[in-house]
file input.tsv (TSV, C-alpha atoms and all ligand atoms)
chain	number	residue	atom	x	y	z
A	17	MET	CA	60.90	-1.46	17.65
A	18	SER	CA	63.69	0.46	15.97
A	19	GLN	CA	65.09	-0.34	12.54
A	20	ASP	CA	68.03	-2.40	13.71
A	21	ARG	CA	66.02	-4.71	15.98
A	22	LYS	CA	63.84	-7.68	15.17
A	23	TYR	CA	62.01	-10.37	17.08
A	24	CYS	CA	63.33	-13.88	17.42
A	25	THR	CA	61.00	-16.27	15.58
A	26	SER	CA	61.57	-18.91	18.23
A	27	CYS	CA	61.34	-17.22	21.64
A	28	GLY	CA	60.09	-13.76	20.67
A	29	ALA	CA	62.99	-11.91	22.26
A	30	GLN	CA	64.00	-8.61	20.71
A	31	ILE	CA	67.39	-9.10	19.06
A	32	ALA	CA	69.71	-7.22	16.73
A	33	ALA	CA	68.51	-7.23	13.12
A	34	LYS	CA	71.82	-8.58	11.99
A	35	ALA	CA	71.85	-11.45	14.49
A	36	ILE	CA	72.23	-14.86	12.88
A	37	ILE	CA	71.55	-16.78	16.09
A	38	CYS	CA	69.26	-15.54	18.86
A	39	PRO	CA	71.46	-14.81	21.90
A	40	LYS	CA	68.59	-15.68	24.23
A	41	CYS	CA	67.47	-19.11	23.01
A	42	GLY	CA	70.37	-20.01	20.70
A	43	VAL	CA	68.05	-20.82	17.79
A	44	PRO	CA	69.17	-19.62	14.35
A	45	VAL	CA	66.99	-16.75	13.15
A	46	LYS	CA	64.49	-17.71	10.46
A	47	ASN	CA	65.39	-16.06	7.13
A	48	LEU	CA	69.03	-16.82	7.61
A	49	THR	CA	68.29	-20.34	8.77
A	50	LEU	CA	66.97	-21.24	5.34
A	51	THR	CA	70.11	-20.04	3.58
A	52	TYR	CA	72.23	-21.76	6.17
A	53	LEU	CA	70.49	-25.11	5.89
A	54	SER	CA	70.45	-25.09	2.11
A	55	GLN	CA	74.18	-24.58	2.14
A	56	LYS	CA	76.00	-27.87	2.04
A	57	ASN	CA	79.34	-28.28	3.67
A	58	ARG	CA	82.27	-29.40	1.55
A	59	ILE	CA	84.15	-31.02	4.44
A	60	ILE	CA	81.09	-32.91	5.67
A	61	ALA	CA	80.49	-34.17	2.12
A	62	ALA	CA	84.14	-35.24	1.85
A	63	ILE	CA	84.03	-37.10	5.18
A	64	LEU	CA	80.76	-38.83	4.24
A	65	SER	CA	82.33	-39.75	0.92
A	66	LEU	CA	85.46	-41.23	2.49
A	67	ILE	CA	83.77	-43.09	5.34
A	68	PHE	CA	80.31	-44.06	4.03
A	69	GLY	CA	81.07	-43.75	0.34
A	70	ILE	CA	80.47	-47.43	-0.34
A	71	PHE	CA	76.77	-46.82	0.30
A	72	GLY	CA	76.77	-43.51	-1.57
A	73	ILE	CA	75.73	-41.48	1.49
A	74	GLN	CA	77.48	-38.37	0.14
A	75	TRP	CA	75.30	-38.42	-2.98
A	76	PHE	CA	72.14	-38.27	-0.89
A	77	TYR	CA	73.71	-35.48	1.15
A	78	LEU	CA	74.52	-33.56	-2.02
A	79	GLY	CA	71.05	-34.16	-3.48
A	80	ARG	CA	72.33	-36.50	-6.19
A	81	ASN	CA	69.90	-39.25	-5.22
A	82	LYS	CA	70.27	-41.10	-8.52
A	83	TYR	CA	73.99	-41.68	-7.89
A	84	GLY	CA	73.17	-42.59	-4.30
A	85	ILE	CA	70.72	-45.29	-5.37
A	86	LEU	CA	73.19	-46.64	-7.96
A	87	SER	CA	75.84	-46.82	-5.23
A	88	VAL	CA	73.51	-48.80	-2.97
A	89	ILE	CA	72.66	-51.22	-5.78
A	90	PHE	CA	76.27	-51.72	-6.90
A	91	PHE	CA	78.10	-51.40	-3.57
A	92	TRP	CA	79.15	-55.09	-3.76
A	93	THR	CA	81.18	-54.36	-6.90
A	94	LEU	CA	83.35	-51.98	-4.83
A	95	ILE	CA	83.17	-49.52	-7.73
A	96	PRO	CA	81.11	-46.98	-5.71
A	97	PHE	CA	83.76	-47.32	-2.99
A	98	ILE	CA	86.58	-46.46	-5.39
A	99	ILE	CA	84.63	-43.58	-6.93
A	100	SER	CA	83.76	-42.26	-3.46
A	101	CYS	CA	87.39	-42.34	-2.30
A	102	LEU	CA	88.46	-40.35	-5.35
A	103	PHE	CA	85.46	-38.05	-4.98
A	104	GLY	CA	86.21	-37.46	-1.29
A	105	VAL	CA	89.77	-36.44	-2.10
A	106	LYS	CA	88.52	-34.22	-4.92
A	107	LEU	CA	86.12	-32.51	-2.48
A	108	LEU	CA	88.94	-31.89	-0.02
A	109	LEU	CA	91.11	-30.33	-2.72
A	110	MET	CA	88.34	-28.26	-4.29
A	111	SER	CA	87.71	-24.66	-3.20
A	112	ASP	CA	84.52	-23.73	-1.34
A	113	GLU	CA	83.55	-21.51	-4.29
A	114	ASP	CA	83.72	-24.41	-6.72
A	115	PHE	CA	81.83	-26.63	-4.30
A	116	ASN	CA	79.04	-24.10	-3.83
A	117	LEU	CA	78.79	-23.63	-7.56
A	118	LEU	CA	78.43	-27.36	-8.17
A	119	TYR	CA	76.35	-28.57	-5.26
A	120	CYS	CA	74.59	-25.68	-3.51
B	201	ZN	ZN	65.19	-16.60	20.64

call {"tool": "encode", "arguments": {"input": "input.tsv", "output": "structure tokens"}}
result
Amino acid sequence: MSQDRKYCTSCGAQIAAKAIICPKCGVPVKNLTLTYLSQKNRIIAAILSLIFGIFGIQWFYLGRNKYGILSVIFFWTLIPFIISCLFGVKLLLMSDEDFNLLYC
């Protein structure tokens, strides 16, 4: 096995060391998978916030479980809904750098 090859952790195929996804089985390669999964997506968070914000789904997604639970408890006040709408818009306007800094 030369320096620029590695084995896929899923199917065992020999793939390029720099490959992010195994071309044979389509499974993301291990080390990079962890970084990929831990990275939250700003647009997904914004959509969750705008659509399911009344139940605070975006807070659970962003790992802010305390806010999520508060949203579930107080959803009937419509306050979490208003906050989530504003938060969703804020997420859409914010840069990916700022988002990563705050939530990743
Ligand atoms: Zn594979």

call {"tool": "residues_around", "arguments": {"input": "input.tsv", "residues": "range 17-32 of chain A", "least_positions_apart": "6", "cutoff": "10 Å", "atoms": "all atoms listed in the file", "output": "MDAnalysis selection string"}}
result
chainID A and resid 38:47

call {"tool": "closest_residue", "arguments": {"input": "input.tsv", "among": "A:Phe97, A:Ile89, A:Asn57, A:Ile70", "to": "Asn116 in chain A", "atoms": "all atoms listed in the file"}}
result
A:Asn57

call {"tool": "closest_residue", "arguments": {"input": "input.tsv", "among": "A:Ser87, A:Gly69, A:Ala62, A:Ile36", "to": "ligand ZN 201 (chain B)", "atoms": "all atoms listed in the file"}}
result
A:Ile36

call {"tool": "atom_distance", "arguments": {"input": "input.tsv", "atom1": "CA of Gly84 in chain A", "atom2": "CA of Leu102 in chain A"}}
result
15.5 Å

call {"tool": "atom_distance", "arguments": {"input": "input.tsv", "atom1": "CA of Asp112 in chain A", "atom2": "CA of Ile85 in chain A"}}
result
25.9 Å

call {"tool": "atom_distance", "arguments": {"input": "input.tsv", "atom1": "CA of Phe71 in chain A", "atom2": "CA of Val88 in chain A"}}
result
5.0 Å

call {"tool": "closest_residue", "arguments": {"input": "input.tsv", "among": "A:Ala61, A:Leu118, A:Ile37, A:Ile99", "to": "ligand ZN 201 (chain B)", "atoms": "only C-alpha atoms and all ligand atoms"}}
result
A:Ile37

call {"tool": "closest_residue", "arguments": {"input": "input.tsv", "among": "A:Gln74, A:Thr93, A:Gln55, A:Asn81", "to": "Leu107 in chain A", "atoms": "only C-alpha atoms"}}
result
A:Gln74

call {"tool": "residues_around", "arguments": {"input": "input.tsv", "residues": "Gly104 in chain A", "least_positions_apart": "4", "cutoff": "12 Å", "atoms": "only C-alpha atoms", "output": "VMD selection string"}}
result
chain A and resid 58 to 70 72 to 75 96 to 100 108 to 110

call {"tool": "decode", "arguments": {"input": "input.tsv", "residues": "range 17-119 of chain A", "atoms": "C-alpha atoms", "output": "PDB file, in the first residue's frame"}}
result
ATOM      1  CA  MET A  17       0.000   0.000   0.000  1.00  0.00           C
ATOM      2  CA  SER A  18       1.624   3.226  -1.111  1.00  0.00           C
ATOM      3  CA  GLN A  19       1.510   6.477   0.833  1.00  0.00           C
ATOM      4  CA  ASP A  20      -1.400   8.020  -1.018  1.00  0.00           C
ATOM      5  CA  ARG A  21      -3.730   5.025  -0.650  1.00  0.00           C
ATOM      6  CA  LYS A  22      -5.794   3.852   2.283  1.00  0.00           C
ATOM      7  CA  TYR A  23      -8.422   1.221   2.931  1.00  0.00           C
ATOM      8  CA  CYS A  24     -12.093   2.030   3.165  1.00  0.00           C
ATOM      9  CA  THR A  25     -13.295   1.390   6.722  1.00  0.00           C
ATOM     10  CA  SER A  26     -16.615   0.152   5.404  1.00  0.00           C
ATOM     11  CA  CYS A  27     -15.928  -2.177   2.462  1.00  0.00           C
ATOM     12  CA  GLY A  28     -12.144  -2.534   2.673  1.00  0.00           C
ATOM     13  CA  ALA A  29     -11.515  -1.288  -0.850  1.00  0.00           C
ATOM     14  CA  GLN A  30      -8.228   0.478  -1.497  1.00  0.00           C
ATOM     15  CA  ILE A  31      -8.994   4.138  -2.126  1.00  0.00           C
ATOM     16  CA  ALA A  32      -7.116   7.410  -2.478  1.00  0.00           C
ATOM     17  CA  ALA A  33      -5.855   8.767   0.848  1.00  0.00           C
ATOM     18  CA  LYS A  34      -7.556  12.050   0.193  1.00  0.00           C
ATOM     19  CA  ALA A  35     -10.930  10.490  -0.619  1.00  0.00           C
ATOM     20  CA  ILE A  36     -13.763  11.801   1.543  1.00  0.00           C
ATOM     21  CA  ILE A  37     -16.282   9.241   0.306  1.00  0.00           C
ATOM     22  CA  CYS A  38     -15.379   5.720  -0.789  1.00  0.00           C
ATOM     23  CA  PRO A  39     -16.025   5.502  -4.552  1.00  0.00           C
ATOM     24  CA  LYS A  40     -16.835   1.808  -4.238  1.00  0.00           C
ATOM     25  CA  CYS A  41     -19.454   1.708  -1.470  1.00  0.00           C
ATOM     26  CA  GLY A  42     -20.315   5.412  -1.189  1.00  0.00           C
ATOM     27  CA  VAL A  43     -19.744   5.455   2.570  1.00  0.00           C
ATOM     28  CA  PRO A  44     -17.920   8.500   3.978  1.00  0.00           C
ATOM     29  CA  VAL A  45     -14.422   7.563   5.117  1.00  0.00           C
ATOM     30  CA  LYS A  46     -14.006   7.327   8.880  1.00  0.00           C
ATOM     31  CA  ASN A  47     -11.755  10.131  10.168  1.00  0.00           C
ATOM     32  CA  LEU A  48     -13.419  12.651   7.947  1.00  0.00           C
ATOM     33  CA  THR A  49     -16.861  11.342   8.794  1.00  0.00           C
ATOM     34  CA  LEU A  50     -16.459  12.485  12.384  1.00  0.00           C
ATOM     35  CA  THR A  51     -15.560  16.025  11.376  1.00  0.00           C
ATOM     36  CA  TYR A  52     -18.352  16.032   8.855  1.00  0.00           C
ATOM     37  CA  LEU A  53     -21.016  14.863  11.277  1.00  0.00           C
ATOM     38  CA  SER A  54     -19.946  17.222  14.035  1.00  0.00           C
ATOM     39  CA  GLN A  55     -20.323  20.094  11.629  1.00  0.00           C
ATOM     40  CA  LYS A  56     -23.775  21.563  11.803  1.00  0.00           C
ATOM     41  CA  ASN A  57     -25.360  23.119   8.795  1.00  0.00           C
ATOM     42  CA  ARG A  58     -26.486  26.736   9.000  1.00  0.00           C
ATOM     43  CA  ILE A  59     -29.215  26.371   6.375  1.00  0.00           C
ATOM     44  CA  ILE A  60     -30.632  23.219   7.964  1.00  0.00           C
ATOM     45  CA  ALA A  61     -30.690  24.995  11.335  1.00  0.00           C
ATOM     46  CA  ALA A  62     -32.441  27.994   9.762  1.00  0.00           C
ATOM     47  CA  ILE A  63     -35.072  25.801   8.075  1.00  0.00           C
ATOM     48  CA  LEU A  64     -35.697  23.868  11.307  1.00  0.00           C
ATOM     49  CA  SER A  65     -35.995  27.177  13.109  1.00  0.00           C
ATOM     50  CA  LEU A  66     -38.507  28.616  10.650  1.00  0.00           C
ATOM     51  CA  ILE A  67     -40.657  25.503  10.249  1.00  0.00           C
ATOM     52  CA  PHE A  68     -40.424  23.645  13.589  1.00  0.00           C
ATOM     53  CA  GLY A  69     -39.288  26.568  15.702  1.00  0.00           C
ATOM     54  CA  ILE A  70     -42.398  26.531  17.856  1.00  0.00           C
ATOM     55  CA  PHE A  71     -41.170  23.256  19.358  1.00  0.00           C
ATOM     56  CA  GLY A  72     -37.563  24.441  19.531  1.00  0.00           C
ATOM     57  CA  ILE A  73     -36.272  21.702  17.210  1.00  0.00           C
ATOM     58  CA  GLN A  74     -33.390  23.912  16.045  1.00  0.00           C
ATOM     59  CA  TRP A  75     -32.089  24.198  19.611  1.00  0.00           C
ATOM     60  CA  PHE A  76     -31.813  20.425  19.908  1.00  0.00           C
ATOM     61  CA  TYR A  77     -30.126  20.351  16.512  1.00  0.00           C
ATOM     62  CA  LEU A  78     -27.638  22.983  17.645  1.00  0.00           C
ATOM     63  CA  GLY A  79     -27.008  21.209  20.961  1.00  0.00           C
ATOM     64  CA  ARG A  80     -28.737  23.917  23.008  1.00  0.00           C
ATOM     65  CA  ASN A  81     -31.027  21.427  24.716  1.00  0.00           C
ATOM     66  CA  LYS A  82     -31.928  23.792  27.549  1.00  0.00           C
ATOM     67  CA  TYR A  83     -33.484  26.276  25.104  1.00  0.00           C
ATOM     68  CA  GLY A  84     -35.143  23.380  23.309  1.00  0.00           C
ATOM     69  CA  ILE A  85     -36.818  22.155  26.494  1.00  0.00           C
ATOM     70  CA  LEU A  86     -37.918  25.699  27.389  1.00  0.00           C
ATOM     71  CA  SER A  87     -39.440  26.033  23.918  1.00  0.00           C
ATOM     72  CA  VAL A  88     -41.381  22.796  24.358  1.00  0.00           C
ATOM     73  CA  ILE A  89     -42.680  23.912  27.760  1.00  0.00           C
ATOM     74  CA  PHE A  90     -43.651  27.420  26.614  1.00  0.00           C
ATOM     75  CA  PHE A  91     -44.687  26.738  23.011  1.00  0.00           C
ATOM     76  CA  TRP A  92     -48.314  27.665  23.836  1.00  0.00           C
ATOM     77  CA  THR A  93     -47.221  31.225  24.656  1.00  0.00           C
ATOM     78  CA  LEU A  94     -46.063  31.601  21.030  1.00  0.00           C
ATOM     79  CA  ILE A  95     -42.923  33.292  22.365  1.00  0.00           C
ATOM     80  CA  PRO A  96     -40.640  30.419  21.202  1.00  0.00           C
ATOM     81  CA  PHE A  97     -42.308  30.755  17.800  1.00  0.00           C
ATOM     82  CA  ILE A  98     -41.479  34.462  17.562  1.00  0.00           C
ATOM     83  CA  ILE A  99     -37.922  33.913  18.803  1.00  0.00           C
ATOM     84  CA  SER A 100     -37.445  31.054  16.329  1.00  0.00           C
ATOM     85  CA  CYS A 101     -38.662  33.135  13.379  1.00  0.00           C
ATOM     86  CA  LEU A 102     -36.199  35.885  14.245  1.00  0.00           C
ATOM     87  CA  PHE A 103     -33.475  33.332  14.932  1.00  0.00           C
ATOM     88  CA  GLY A 104     -34.112  31.579  11.604  1.00  0.00           C
ATOM     89  CA  VAL A 105     -33.742  34.858   9.726  1.00  0.00           C
ATOM     90  CA  LYS A 106     -30.609  35.663  11.715  1.00  0.00           C
ATOM     91  CA  LEU A 107     -29.141  32.265  10.756  1.00  0.00           C
ATOM     92  CA  LEU A 108     -29.875  32.891   7.087  1.00  0.00           C
ATOM     93  CA  LEU A 109     -28.161  36.278   7.206  1.00  0.00           C
ATOM     94  CA  MET A 110     -25.168  35.130   9.239  1.00  0.00           C
ATOM     95  CA  SER A 111     -21.967  33.954   7.546  1.00  0.00           C
ATOM     96  CA  ASP A 112     -20.887  30.305   7.750  1.00  0.00           C
ATOM     97  CA  GLU A 113     -17.781  31.420   9.664  1.00  0.00           C
ATOM     98  CA  ASP A 114     -19.863  33.090  12.361  1.00  0.00           C
ATOM     99  CA  PHE A 115     -22.181  30.091  12.510  1.00  0.00           C
ATOM    100  CA  ASN A 116     -19.311  27.631  12.916  1.00  0.00           C
ATOM    101  CA  LEU A 117     -17.795  29.796  15.598  1.00  0.00           C
ATOM    102  CA  LEU A 118     -21.023  29.899  17.585  1.00  0.00           C
ATOM    103  CA  TYR A 119     -22.492  26.448  17.128  1.00  0.00           C
TER     104      TYR A 119
END
